[in-house]
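Engineer: Take a look at the following structure, please.
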Amino acid sequence: MKRKKLVTVVSLSLALSMMLASCSSGKKESKETTKKDSAVETTAATDNSDEEETASSVSESTSDSTRETDQDESTTASTVSAATLGDPSESAEDTSAVQPSEVTPLELSSIQPGDVITFGSFEQDNKTSNGAEKIEWIVATVEDGRALLLSKYVLYSMPFNSAGDVAWEESDARKWLNEEFYETAFDENERASIYEVELQTHEPGYSRDITTRDHVFLLALADIGKYFDGMEYWDETYSVGTDCYELMTPATAYAEAHGAFNVTLNNKSAKKTITEHPELKGVVTCEWWLRETGAFCSIMGATIRNYFWNPGDVLMNLYHPCDMEGTGIRPAIWIAVEA
């Protein structure tokens with residue numbers, strides 16, 4: 001009986017040992033599996049991190065490349081734009097400087113100073129029923145892919161400033177040219193070829209130079225001396241100015257209807273002029289505003305400054321009051337052309 005109990009105890013002990021061994025083995029395998037799974041997860045995480053870093057590097061590289069390309073394109077565009085810009089002249093008397101802006105060059109690569117071209121349209125025959133007429137422009141100069149144009153005729157008439165004397169920057173003429181005329185005379189494609197320029201206007205009466213930015217403007221005294229042939233003169237009748245008959249031009253019928261005053265040169269209107277230049281007899285001409293306060297180009301083709309010499313060398317004012325009517329508007333613009 002005791003032996004049977006002993007065998008039973010031994011058997012139970014062996015069974016218990018086997019169960020404990022089995023549990024221990026299971027726990028070990030579980031731990032090893034957990035470790036393996038953890039290692040796999042760590043490896044996967046590392047791989048994913050590497051992939052993300054690689055993707056990030058590729059993305060950054062692509063982004064950098066794109067940025068560099070964009071910068072290159074931007075630089076190229078800027079260079080192309082800048083290549084057509086700069087000062088219209090190196091003269092110390094320059095009154096305008098072409099400013100950086102995106103412009104569309106016109107296909108006018110063969111134009112020369114003195115040529116007449118058409119660009120834009122504006123009412124001229126005073127018959128609105130047949131629409132606006134093409135504007136004719138005289139090419140004053142062609143420089144580095146741009147051209148300065150002066151309308152062939154006086155296109156409109158208005159006071160320089162209806163409220164009295166002011167500098168160009170505050171004038172009615174400047175406002176009209178850059179708003180109503182600019183919007184009316186040119187369509188969107190044409191406006192894309194017109195530079196906005198920075199203008200310097202010398203105004204002794206205001207003791208300063210006036211700086212403005214304009215698409216359309218009036219010529220200044222310095223422009224006349226630079227782009228047109230003439231000579232300085234003085235006499236008791238016409239005072240100081242530049243005798244330049246190529247500046248003479250008539251006003252259109254539409255400008256006349258708005259007050260422009262056309263004069264036919266003859267012995268009564270311009271005896272001195274046609275005596276010296278008989279070929280000018282019968283020429284119809286109109287005076288037109290310049291950009292300096294009160295300065296104008298007379299019917300005789302003379303640019304009248306804001307002063308003249310009196311006997312005894314006394315400097316005196318001679319100019320149109322800014323609210324004077326009858327003087328014409330002759331627009332000027334800088335356009336981009338194919339070099």
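By convention here, the chains of the structure tokens are called A, B, ... in the order presented, each chain's residues are numbered starting at 1, and ligands are numbered starting at 1 in the order presented.
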Residues of range 225-299 of chain A classed as strand (DSSP E or B) by DSSP on the backbone are to be reported as a PyMOL selection string.
Structural biologist: chain A and resi 231-233+241-243+251+263-264+284-285+288-289+296-297
Engineer: In range 127-308 of chain A, what's alpha helix (DSSP H) per DSSP? Answer as a PyMOL selection string?
Structural biologist: chain A and resi 172-176+182-185+188-191+221-227+253-257+267-276
Engineer: Could you check which of A:Phe261, A:Trp168, A:Phe160, A:Trp334 is closest to Ser298 in chain A, using only C-alpha atoms?
Structural biologist: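 Distance minimum relative to Ser298 in chain A lands on A:Phe261.
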Engineer: Hey, which of A:Ala253, A:Ala220, A:Ala295, A:Ile111 ends up closest to Thr128 in chain A? Count only C-alpha atoms.
Structural biologist: A:Ala253
Engineer: For each of A:Thr275, A:Gln112, A:Asn262, A:Thr212, take the minimum atom-to-atom distance to Val142 in chain A, counting only C-alpha atoms, then give the residue where this is smallest.
Structural biologist: A:Gln112
Engineer: Set the distance at 8 Å and use only C-alpha atoms: which residues neighbour Leu106 in chain A once local chain neighbours fewer than 4 positions away are removed? I'd like the list as a list in words.
Structural biologist: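 Result of the neighbour search: Ser193, Ile335, Ala336, Val337 and Glu338 of chain A.
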Engineer: Using only C-alpha atoms, pick whichever of A:Ala185, A:Ile194, A:Met248, A:Met300 has the shortest atom-to-atom distance to Ile333 in chain A.
Structural biologist: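 With only C-alpha atoms as the atom set, the closest residue is A:Ile194.
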Engineer: Counting only C-alpha atoms, figure out which residue out of A:Asp144, A:Leu219, A:Arg330, A:Glu123 gets nearest to His202 in chain A.
Structural biologist: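 Ranked by minimum distance to His202 in chain A, first place goes to A:Leu219.
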Engineer: Please compute the CA of Pro321 in chain A-CA of Ser207 in chain A distance, one decimal, in Å.
Structural biologist: 18.4 Å
Engineer: Considering only C-alpha atoms, can you say which of A:Thr327, A:Ser109, A:Asn161, A:Thr184 comes closest to Ser121 in chain A?
Structural biologist: A:Thr184
Engineer: Which neighbours of Leu148 in chain A fall inside 12 Å, counting only C-alpha atoms, when residues of the same chain fewer than 6 positions from it are skipped, and could you give them as a PDB file with N, CA and C atoms, in the first residue's frame?
Structural biologist:
```pdb
ATOM      1  N   PRO A  88      16.846 105.796 -72.456  1.00  0.00           N
ATOM      2  CA  PRO A  88      16.753 106.018 -73.888  1.00  0.00           C
ATOM      3  C   PRO A  88      17.976 106.745 -74.432  1.00  0.00           C
ATOM      4  N   SER A  89      18.724 107.385 -73.570  1.00  0.00           N
ATOM      5  CA  SER A  89      19.878 108.139 -74.060  1.00  0.00           C
ATOM      6  C   SER A  89      20.865 108.381 -72.934  1.00  0.00           C
ATOM      7  N   SER A  96      13.389 111.270 -69.852  1.00  0.00           N
ATOM      8  CA  SER A  96      12.629 110.054 -69.592  1.00  0.00           C
ATOM      9  C   SER A  96      13.565 108.868 -69.531  1.00  0.00           C
ATOM     10  N   ALA A  97      13.199 107.880 -68.729  1.00  0.00           N
ATOM     11  CA  ALA A  97      13.969 106.650 -68.626  1.00  0.00           C
ATOM     12  C   ALA A  97      12.997 105.487 -68.645  1.00  0.00           C
ATOM     13  N   VAL A  98      13.223 104.547 -69.543  1.00  0.00           N
ATOM     14  CA  VAL A  98      12.329 103.403 -69.642  1.00  0.00           C
ATOM     15  C   VAL A  98      12.494 102.520 -68.423  1.00  0.00           C
ATOM     16  N   ILE A 111      12.101  99.876 -88.612  1.00  0.00           N
ATOM     17  CA  ILE A 111      11.746 101.292 -88.549  1.00  0.00           C
ATOM     18  C   ILE A 111      12.965 102.151 -88.233  1.00  0.00           C
ATOM     19  N   GLN A 112      12.916 103.381 -88.724  1.00  0.00           N
ATOM     20  CA  GLN A 112      14.002 104.334 -88.539  1.00  0.00           C
ATOM     21  C   GLN A 112      13.423 105.671 -88.082  1.00  0.00           C
ATOM     22  N   PRO A 113      14.237 106.497 -87.406  1.00  0.00           N
ATOM     23  CA  PRO A 113      13.769 107.839 -87.043  1.00  0.00           C
ATOM     24  C   PRO A 113      13.280 108.581 -88.283  1.00  0.00           C
ATOM     25  N   GLY A 114      12.154 109.223 -88.155  1.00  0.00           N
ATOM     26  CA  GLY A 114      11.574 109.945 -89.285  1.00  0.00           C
ATOM     27  C   GLY A 114      10.473 109.172 -89.985  1.00  0.00           C
ATOM     28  N   ASP A 115      10.421 107.849 -89.764  1.00  0.00           N
ATOM     29  CA  ASP A 115       9.345 107.053 -90.361  1.00  0.00           C
ATOM     30  C   ASP A 115       8.006 107.432 -89.745  1.00  0.00           C
ATOM     31  N   VAL A 116       6.949 107.149 -90.476  1.00  0.00           N
ATOM     32  CA  VAL A 116       5.596 107.345 -89.972  1.00  0.00           C
ATOM     33  C   VAL A 116       4.917 105.979 -89.925  1.00  0.00           C
ATOM     34  N   ILE A 117       4.402 105.600 -88.759  1.00  0.00           N
ATOM     35  CA  ILE A 117       3.733 104.319 -88.599  1.00  0.00           C
ATOM     36  C   ILE A 117       2.333 104.547 -88.021  1.00  0.00           C
ATOM     37  N   TRP A 137       1.961 108.108 -86.309  1.00  0.00           N
ATOM     38  CA  TRP A 137       3.000 108.533 -85.379  1.00  0.00           C
ATOM     39  C   TRP A 137       4.314 108.765 -86.136  1.00  0.00           C
ATOM     40  N   ILE A 138       5.025 109.806 -85.759  1.00  0.00           N
ATOM     41  CA  ILE A 138       6.377 110.044 -86.264  1.00  0.00           C
ATOM     42  C   ILE A 138       7.354 109.350 -85.320  1.00  0.00           C
ATOM     43  N   VAL A 139       8.257 108.577 -85.867  1.00  0.00           N
ATOM     44  CA  VAL A 139       9.275 107.901 -85.053  1.00  0.00           C
ATOM     45  C   VAL A 139      10.382 108.905 -84.739  1.00  0.00           C
ATOM     46  N   ALA A 140      10.479 109.311 -83.488  1.00  0.00           N
ATOM     47  CA  ALA A 140      11.483 110.305 -83.093  1.00  0.00           C
ATOM     48  C   ALA A 140      12.858 109.675 -82.924  1.00  0.00           C
ATOM     49  N   THR A 141      12.906 108.449 -82.379  1.00  0.00           N
ATOM     50  CA  THR A 141      14.170 107.739 -82.203  1.00  0.00           C
ATOM     51  C   THR A 141      13.895 106.258 -82.019  1.00  0.00           C
ATOM     52  N   VAL A 142      14.893 105.436 -82.360  1.00  0.00           N
ATOM     53  CA  VAL A 142      14.818 103.985 -82.133  1.00  0.00           C
ATOM     54  C   VAL A 142      16.087 103.588 -81.398  1.00  0.00           C
ATOM     55  N   ILE A 194       3.297  99.184 -74.809  1.00  0.00           N
ATOM     56  CA  ILE A 194       3.654 100.551 -74.410  1.00  0.00           C
ATOM     57  C   ILE A 194       4.356 100.522 -73.057  1.00  0.00           C
ATOM     58  N   TYR A 195       5.534 101.110 -73.000  1.00  0.00           N
ATOM     59  CA  TYR A 195       6.266 101.187 -71.744  1.00  0.00           C
ATOM     60  C   TYR A 195       5.642 102.227 -70.807  1.00  0.00           C
ATOM     61  N   VAL A 197       7.036 104.879 -68.384  1.00  0.00           N
ATOM     62  CA  VAL A 197       8.357 105.496 -68.250  1.00  0.00           C
ATOM     63  C   VAL A 197       8.393 106.463 -67.076  1.00  0.00           C
ATOM     64  N   HIS A 215       2.453 106.402 -69.032  1.00  0.00           N
ATOM     65  CA  HIS A 215       2.412 105.646 -70.274  1.00  0.00           C
ATOM     66  C   HIS A 215       2.376 106.601 -71.472  1.00  0.00           C
ATOM     67  N   VAL A 216       1.620 107.684 -71.344  1.00  0.00           N
ATOM     68  CA  VAL A 216       1.486 108.684 -72.404  1.00  0.00           C
ATOM     69  C   VAL A 216       1.873 110.029 -71.821  1.00  0.00           C
ATOM     70  N   PHE A 217       2.541 110.855 -72.604  1.00  0.00           N
ATOM     71  CA  PHE A 217       3.045 112.112 -72.051  1.00  0.00           C
ATOM     72  C   PHE A 217       3.198 113.146 -73.148  1.00  0.00           C
ATOM     73  N   LEU A 218       3.556 114.346 -72.757  1.00  0.00           N
ATOM     74  CA  LEU A 218       3.920 115.415 -73.682  1.00  0.00           C
ATOM     75  C   LEU A 218       5.439 115.494 -73.740  1.00  0.00           C
ATOM     76  N   LEU A 219       5.968 115.911 -74.865  1.00  0.00           N
ATOM     77  CA  LEU A 219       7.416 116.093 -74.964  1.00  0.00           C
ATOM     78  C   LEU A 219       7.855 117.255 -74.077  1.00  0.00           C
ATOM     79  N   ASP A 223      13.598 117.225 -75.013  1.00  0.00           N
ATOM     80  CA  ASP A 223      13.302 116.273 -76.084  1.00  0.00           C
ATOM     81  C   ASP A 223      13.366 116.942 -77.445  1.00  0.00           C
ATOM     82  N   TYR A 227      15.852 115.390 -80.221  1.00  0.00           N
ATOM     83  CA  TYR A 227      15.351 114.542 -81.293  1.00  0.00           C
ATOM     84  C   TYR A 227      14.986 115.284 -82.578  1.00  0.00           C
ATOM     85  N   PRO A 331       0.244 113.720 -78.247  1.00  0.00           N
ATOM     86  CA  PRO A 331       0.756 112.670 -77.366  1.00  0.00           C
ATOM     87  C   PRO A 331       2.087 112.082 -77.836  1.00  0.00           C
ATOM     88  N   ALA A 332       2.837 111.548 -76.863  1.00  0.00           N
ATOM     89  CA  ALA A 332       4.075 110.820 -77.131  1.00  0.00           C
ATOM     90  C   ALA A 332       4.077 109.534 -76.305  1.00  0.00           C
ATOM     91  N   ILE A 333       4.668 108.472 -76.832  1.00  0.00           N
ATOM     92  CA  ILE A 333       4.756 107.186 -76.127  1.00  0.00           C
ATOM     93  C   ILE A 333       6.064 106.491 -76.472  1.00  0.00           C
ATOM     94  N   TRP A 334       6.530 105.618 -75.576  1.00  0.00           N
ATOM     95  CA  TRP A 334       7.626 104.704 -75.859  1.00  0.00           C
ATOM     96  C   TRP A 334       7.026 103.303 -76.076  1.00  0.00           C
ATOM     97  N   ILE A 335       7.347 102.667 -77.179  1.00  0.00           N
ATOM     98  CA  ILE A 335       6.842 101.315 -77.428  1.00  0.00           C
ATOM     99  C   ILE A 335       8.011 100.345 -77.612  1.00  0.00           C
ATOM    100  N   ALA A 336       7.721  99.067 -77.355  1.00  0.00           N
ATOM    101  CA  ALA A 336       8.722  98.020 -77.568  1.00  0.00           C
ATOM    102  C   ALA A 336       8.630  97.530 -79.011  1.00  0.00           C
ATOM    103  N   VAL A 337       9.786  97.413 -79.663  1.00  0.00           N
ATOM    104  CA  VAL A 337       9.835  96.925 -81.031  1.00  0.00           C
ATOM    105  C   VAL A 337      10.904  95.829 -81.130  1.00  0.00           C
TER     106      VAL A 337
END
```
Engineer: Which distance in Å separates CA of Arg174 in chain A and CA of Ile135 in chain A, to one decimal?
Structural biologist: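 Atom-to-atom, CA of Arg174 in chain A and CA of Ile135 in chain A are spaced 19.1 Å apart.
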